[in-house]
Amino acid sequence: MKLYITQISPYARLTRILVLGKGLAERVEILEAKTRTLGSPYYKINPSGRVPCLIDDAGMGMEDSQVICAYLDSLDGKPRFHDAVRDSKWAYRRLEATARGFCEGIAVWIREMHRPEHERSPTLLAHEVARASRLADVFESEVTRPLLQEQPRMAHLLLAVALEVARARGLGDLTKNRPALAAWLAPIAVMPSLRATAPPSLSH
């Protein structure tokens with residue numbers, strides 16, 4: 001299988017975490033996609049130009065990190081990060097959706113900052129900074145509750161990826177002055193799959 005990613009995409013990172021977490025490194029070739037470039041050969045592989053995109057063993061392409069993560073997790077018939085019973089509960093679904101919204105806002109901020117400076121929207125950037133701060137406050141409380149104290153699943157990965165990419169890409173350390181969030185992130189950040197896919201910082 002082939003997994004197309006970019007290094008700055010938090011959603012591509014989620015799929016890479018699944019590849020490593022499920023022991024699929026020898027089955028999945030990870031390739032850097034050239035996106036947002038006129039005439040990129042990647043558009044012949046995935047016409048939408050989005051990442052991540054997985055091409056399975058049969059040559060079928062799929063995009064969207066939710067779909068890809070669930071697919072990779074299911075390949076051995078023993079999903080680790082998805083649980084049909086738990087995932088059907090509204091409390092968990094609400095939590096995962098909030099974590100996904102947190103990650104999406106940070107991804108929007110990153111994409112905007114990746115544009116030439118004269119093309120950036122100060123209003124949009126300020127909106128996403130404020131949203132990230134509000135949601136970090138929400139998770140300062142949420143991480144002390146049972147659902148985020150369980151064995152890591154997709155909600156945990158989404159939250160960890162959002163926090164780490166915000167820090168690496170210049171939005172700031174959202175665990176600062178949020179001791180519960182910082183304490184929650186510490187053991188998850190050292191999981192081998194997260195360490196191996198740590199986002200490149202702006203200083204590198």
# chains A, B, ... in the order shown; residues from 1 in each chain; ligands from 1
>>> residues_around(residues="Arg145 of chain A", least_positions_apart="3", cutoff="12 Å", atoms="only C-alpha atoms", output="PDB file with N, CA and C atoms, in the first residue's frame")
ATOM      1  N   ALA A  91     -21.271  10.388  24.437  1.00  0.00           N
ATOM      2  CA  ALA A  91     -20.253  11.097  25.214  1.00  0.00           C
ATOM      3  C   ALA A  91     -18.895  11.013  24.519  1.00  0.00           C
ATOM      4  N   TYR A  92     -18.571   9.810  24.002  1.00  0.00           N
ATOM      5  CA  TYR A  92     -17.297   9.668  23.303  1.00  0.00           C
ATOM      6  C   TYR A  92     -17.328  10.378  21.956  1.00  0.00           C
ATOM      7  N   LEU A  95     -16.747  13.992  22.413  1.00  0.00           N
ATOM      8  CA  LEU A  95     -15.365  14.276  22.762  1.00  0.00           C
ATOM      9  C   LEU A  95     -14.451  14.204  21.545  1.00  0.00           C
ATOM     10  N   VAL A 138     -11.046  24.084  27.404  1.00  0.00           N
ATOM     11  CA  VAL A 138     -12.011  22.990  27.514  1.00  0.00           C
ATOM     12  C   VAL A 138     -11.302  21.688  27.869  1.00  0.00           C
ATOM     13  N   PHE A 139     -10.216  21.408  27.171  1.00  0.00           N
ATOM     14  CA  PHE A 139      -9.526  20.144  27.392  1.00  0.00           C
ATOM     15  C   PHE A 139      -8.723  20.125  28.689  1.00  0.00           C
ATOM     16  N   GLU A 140      -8.421  21.276  29.246  1.00  0.00           N
ATOM     17  CA  GLU A 140      -7.803  21.312  30.568  1.00  0.00           C
ATOM     18  C   GLU A 140      -8.704  20.614  31.584  1.00  0.00           C
ATOM     19  N   SER A 141     -10.004  20.730  31.381  1.00  0.00           N
ATOM     20  CA  SER A 141     -10.957  20.015  32.247  1.00  0.00           C
ATOM     21  C   SER A 141     -11.223  18.596  31.755  1.00  0.00           C
ATOM     22  N   GLU A 142     -11.388  18.443  30.434  1.00  0.00           N
ATOM     23  CA  GLU A 142     -11.771  17.145  29.886  1.00  0.00           C
ATOM     24  C   GLU A 142     -10.747  16.051  30.181  1.00  0.00           C
ATOM     25  N   LEU A 148     -10.802  10.390  28.739  1.00  0.00           N
ATOM     26  CA  LEU A 148      -9.442  10.688  28.291  1.00  0.00           C
ATOM     27  C   LEU A 148      -8.385  10.097  29.213  1.00  0.00           C
ATOM     28  N   GLN A 149      -8.817   9.336  30.207  1.00  0.00           N
ATOM     29  CA  GLN A 149      -7.886   8.602  31.053  1.00  0.00           C
ATOM     30  C   GLN A 149      -7.787   7.135  30.639  1.00  0.00           C
ATOM     31  N   GLU A 150      -8.588   6.747  29.657  1.00  0.00           N
ATOM     32  CA  GLU A 150      -8.562   5.367  29.167  1.00  0.00           C
ATOM     33  C   GLU A 150      -7.350   5.137  28.262  1.00  0.00           C
ATOM     34  N   ALA A 180      -3.037  20.364  33.990  1.00  0.00           N
ATOM     35  CA  ALA A 180      -3.672  19.061  33.753  1.00  0.00           C
ATOM     36  C   ALA A 180      -3.428  18.608  32.318  1.00  0.00           C
ATOM     37  N   LEU A 181      -3.504  19.529  31.372  1.00  0.00           N
ATOM     38  CA  LEU A 181      -3.277  19.206  29.957  1.00  0.00           C
ATOM     39  C   LEU A 181      -1.823  18.794  29.733  1.00  0.00           C
ATOM     40  N   TRP A 184      -1.307  15.347  31.154  1.00  0.00           N
ATOM     41  CA  TRP A 184      -1.968  14.345  30.319  1.00  0.00           C
ATOM     42  C   TRP A 184      -1.145  14.049  29.067  1.00  0.00           C
TER      43      TRP A 184
END
>>> closest_atom_pairs(of="segment 61-173 of chain A", to="segment 4-27 of chain A", cutoff="7 Å", atoms="only C-alpha atoms", output="JSON lines")
{"residue": "A:Ser65", "atom": "CA", "partner": "A:Tyr11", "partner_atom": "CA", "distance": 5.7}
{"residue": "A:Ile68", "atom": "CA", "partner": "A:Thr15", "partner_atom": "CA", "distance": 6.7}
{"residue": "A:Cys69", "atom": "CA", "partner": "A:Thr15", "partner_atom": "CA", "distance": 5.5}
{"residue": "A:Leu72", "atom": "CA", "partner": "A:Leu18", "partner_atom": "CA", "distance": 6.7}
{"residue": "A:Asp73", "atom": "CA", "partner": "A:Lys22", "partner_atom": "CA", "distance": 6.7}
{"residue": "A:Ala107", "atom": "CA", "partner": "A:Pro10", "partner_atom": "CA", "distance": 6.8}
{"residue": "A:Val161", "atom": "CA", "partner": "A:Pro10", "partner_atom": "CA", "distance": 6.4}
{"residue": "A:Val165", "atom": "CA", "partner": "A:Pro10", "partner_atom": "CA", "distance": 6.8}
>>> select_by_dssp(residues="segment 4-122 of chain A", states="helix (DSSP H, G or I)", output="count of residues only")
59
>>> residues_around(residues="Ala155 of chain A", least_positions_apart="2", cutoff="8 Å", atoms="only C-alpha atoms", output="VMD selection string")
chain A and resid 95 to 97 99 to 100 148 152 to 153 157 to 159
>>> write_last_selection(atoms="N, CA and C atoms", output="PDB file, in the first residue's frame")
ATOM      1  N   LEU A  95     -16.747  13.992  22.413  1.00  0.00           N
ATOM      2  CA  LEU A  95     -15.365  14.276  22.762  1.00  0.00           C
ATOM      3  C   LEU A  95     -14.451  14.204  21.545  1.00  0.00           C
ATOM      4  N   GLU A  96     -14.612  13.145  20.735  1.00  0.00           N
ATOM      5  CA  GLU A  96     -13.765  13.011  19.549  1.00  0.00           C
ATOM      6  C   GLU A  96     -14.037  14.138  18.562  1.00  0.00           C
ATOM      7  N   ALA A  97     -15.297  14.532  18.408  1.00  0.00           N
ATOM      8  CA  ALA A  97     -15.626  15.629  17.492  1.00  0.00           C
ATOM      9  C   ALA A  97     -14.998  16.938  17.962  1.00  0.00           C
ATOM     10  N   ALA A  99     -12.243  17.216  19.766  1.00  0.00           N
ATOM     11  CA  ALA A  99     -10.811  17.097  19.507  1.00  0.00           C
ATOM     12  C   ALA A  99     -10.506  17.290  18.024  1.00  0.00           C
ATOM     13  N   ARG A 100     -11.387  16.772  17.163  1.00  0.00           N
ATOM     14  CA  ARG A 100     -11.186  16.941  15.724  1.00  0.00           C
ATOM     15  C   ARG A 100     -11.334  18.407  15.323  1.00  0.00           C
ATOM     16  N   LEU A 148     -10.802  10.390  28.739  1.00  0.00           N
ATOM     17  CA  LEU A 148      -9.442  10.688  28.291  1.00  0.00           C
ATOM     18  C   LEU A 148      -8.385  10.097  29.213  1.00  0.00           C
ATOM     19  N   PRO A 152      -5.244   4.995  25.054  1.00  0.00           N
ATOM     20  CA  PRO A 152      -5.374   5.930  23.931  1.00  0.00           C
ATOM     21  C   PRO A 152      -6.173   5.371  22.759  1.00  0.00           C
ATOM     22  N   ARG A 153      -7.084   6.210  22.282  1.00  0.00           N
ATOM     23  CA  ARG A 153      -7.865   5.912  21.093  1.00  0.00           C
ATOM     24  C   ARG A 153      -7.841   7.150  20.205  1.00  0.00           C
ATOM     25  N   LEU A 157      -5.415  10.623  20.276  1.00  0.00           N
ATOM     26  CA  LEU A 157      -4.442  10.929  19.229  1.00  0.00           C
ATOM     27  C   LEU A 157      -4.712  12.297  18.608  1.00  0.00           C
ATOM     28  N   LEU A 158      -5.968  12.596  18.348  1.00  0.00           N
ATOM     29  CA  LEU A 158      -6.318  13.901  17.779  1.00  0.00           C
ATOM     30  C   LEU A 158      -5.876  15.036  18.684  1.00  0.00           C
ATOM     31  N   LEU A 159      -6.140  14.906  19.972  1.00  0.00           N
ATOM     32  CA  LEU A 159      -5.772  15.958  20.917  1.00  0.00           C
ATOM     33  C   LEU A 159      -4.257  16.100  21.014  1.00  0.00           C
TER      34      LEU A 159
END
>>> select_by_dssp(residues="chain A", states="strand (DSSP E)", output="list of chain:residue names")
A:Lys2, A:Leu3, A:Tyr4, A:Ile5, A:Glu29, A:Ile30, A:Leu31, A:Glu32, A:Cys53, A:Leu54, A:Ile55, A:Gly61, A:Met62, A:Glu63
>>> closest_residue(among="A:Arg94, A:Arg120, A:Arg50, A:Lys89", to="Thr35 of chain A", atoms="only C-alpha atoms")
A:Arg50
>>> atom_distance(atom1="atom CA of Tyr42 of chain A", atom2="atom CA of Arg115 of chain A")
20.0 Å
>>> residues_around(residues="segment 173-175 of chain A", least_positions_apart="5", cutoff="12 Å", atoms="only C-alpha atoms", output="PyMOL selection string")
chain A and resi 102+106+129-140+143+159-168+180-186
>>> write_last_selection(atoms="C-alpha atoms", output="PDB file, in the first residue's frame")
ATOM      1  CA  PHE A 102      -9.471  21.573  17.767  1.00  0.00           C
ATOM      2  CA  ILE A 106      -4.931  24.515  14.130  1.00  0.00           C
ATOM      3  CA  VAL A 129      -5.651  31.588  17.771  1.00  0.00           C
ATOM      4  CA  ALA A 130      -8.654  32.495  19.934  1.00  0.00           C
ATOM      5  CA  ARG A 131     -10.441  29.249  19.085  1.00  0.00           C
ATOM      6  CA  ALA A 132      -7.349  27.199  19.964  1.00  0.00           C
ATOM      7  CA  SER A 133      -7.089  28.937  23.329  1.00  0.00           C
ATOM      8  CA  ARG A 134     -10.761  28.351  24.133  1.00  0.00           C
ATOM      9  CA  LEU A 135     -10.571  24.675  23.238  1.00  0.00           C
ATOM     10  CA  ALA A 136      -7.346  24.215  25.193  1.00  0.00           C
ATOM     11  CA  ASP A 137      -9.268  25.527  28.200  1.00  0.00           C
ATOM     12  CA  VAL A 138     -12.011  22.990  27.514  1.00  0.00           C
ATOM     13  CA  PHE A 139      -9.526  20.144  27.392  1.00  0.00           C
ATOM     14  CA  GLU A 140      -7.803  21.312  30.568  1.00  0.00           C
ATOM     15  CA  VAL A 143      -8.436  15.365  30.362  1.00  0.00           C
ATOM     16  CA  LEU A 159      -5.772  15.958  20.917  1.00  0.00           C
ATOM     17  CA  ALA A 160      -2.097  15.039  21.217  1.00  0.00           C
ATOM     18  CA  VAL A 161      -1.434  15.778  17.539  1.00  0.00           C
ATOM     19  CA  ALA A 162      -3.207  19.140  17.786  1.00  0.00           C
ATOM     20  CA  LEU A 163      -1.162  20.198  20.812  1.00  0.00           C
ATOM     21  CA  GLU A 164       2.152  19.067  19.368  1.00  0.00           C
ATOM     22  CA  VAL A 165       1.687  20.587  15.933  1.00  0.00           C
ATOM     23  CA  ALA A 166       0.581  23.902  17.454  1.00  0.00           C
ATOM     24  CA  ARG A 167       3.808  24.045  19.428  1.00  0.00           C
ATOM     25  CA  ALA A 168       6.021  22.898  16.551  1.00  0.00           C
ATOM     26  CA  ALA A 180      -3.672  19.061  33.753  1.00  0.00           C
ATOM     27  CA  LEU A 181      -3.277  19.206  29.957  1.00  0.00           C
ATOM     28  CA  ALA A 182       0.522  19.182  30.229  1.00  0.00           C
ATOM     29  CA  ALA A 183       0.456  16.199  32.584  1.00  0.00           C
ATOM     30  CA  TRP A 184      -1.968  14.345  30.319  1.00  0.00           C
ATOM     31  CA  LEU A 185       0.139  14.923  27.194  1.00  0.00           C
ATOM     32  CA  ALA A 186       3.470  13.837  28.691  1.00  0.00           C
TER      33      ALA A 186
END
>>> residues_around(residues="Trp109 of chain A", least_positions_apart="2", cutoff="9 Å", atoms="only C-alpha atoms", output="list in words")
Glu104, Gly105, Ile106, Ala107, Arg111, Glu112, Met113, His114, Leu124, Leu125, Ala126, His127, Glu128, Val129 and Leu171 of chain A
>>> write_last_selection(atoms="N, CA and C atoms", output="compact mmCIF listing (two decimals), in the first residue's frame")
# COMPACT_ATOMS: atom_id res chain seq x y z
N GLU A 104 -8.60 20.70 13.57
CA GLU A 104 -8.92 21.37 12.30
C GLU A 104 -8.61 22.85 12.36
N GLY A 105 -8.96 23.51 13.48
CA GLY A 105 -8.66 24.93 13.60
C GLY A 105 -7.17 25.21 13.53
N ILE A 106 -6.38 24.35 14.17
CA ILE A 106 -4.93 24.51 14.13
C ILE A 106 -4.41 24.27 12.72
N ALA A 107 -4.99 23.29 12.02
CA ALA A 107 -4.59 23.03 10.63
C ALA A 107 -4.90 24.22 9.74
N ARG A 111 -2.14 26.29 7.56
CA ARG A 111 -2.25 26.52 6.12
C ARG A 111 -2.19 28.01 5.79
N GLU A 112 -2.84 28.81 6.62
CA GLU A 112 -2.82 30.26 6.37
C GLU A 112 -1.42 30.82 6.54
N MET A 113 -0.71 30.36 7.56
CA MET A 113 0.66 30.84 7.79
C MET A 113 1.62 30.35 6.71
N HIS A 114 1.24 29.30 6.01
CA HIS A 114 2.08 28.75 4.95
C HIS A 114 1.96 29.58 3.67
N LEU A 124 -8.59 35.90 10.04
CA LEU A 124 -8.67 34.44 10.16
C LEU A 124 -7.66 33.92 11.17
N LEU A 125 -6.43 34.42 11.12
CA LEU A 125 -5.40 33.96 12.04
C LEU A 125 -5.78 34.25 13.49
N ALA A 126 -6.29 35.44 13.74
CA ALA A 126 -6.70 35.81 15.10
C ALA A 126 -7.86 34.92 15.57
N HIS A 127 -8.78 34.64 14.65
CA HIS A 127 -9.91 33.78 14.99
C HIS A 127 -9.44 32.39 15.42
N GLU A 128 -8.48 31.83 14.68
CA GLU A 128 -8.01 30.48 14.99
C GLU A 128 -7.17 30.45 16.26
N VAL A 129 -6.41 31.51 16.52
CA VAL A 129 -5.65 31.59 17.77
C VAL A 129 -6.61 31.61 18.96
N LEU A 171 2.25 28.24 16.67
CA LEU A 171 1.05 28.79 17.29
C LEU A 171 1.22 28.94 18.79
>>> atom_distance(atom1="atom CA of Val28 of chain A", atom2="atom CA of Lys2 of chain A")
5.5 Å
>>> closest_residue(among="A:Ser193, A:Ser88, A:His82, A:Gly49", to="Lys34 of chain A", atoms="only C-alpha atoms")
A:Gly49
>>> atom_distance(atom1="atom CA of Ser48 of chain A", atom2="atom CA of Ala33 of chain A")
12.2 Å
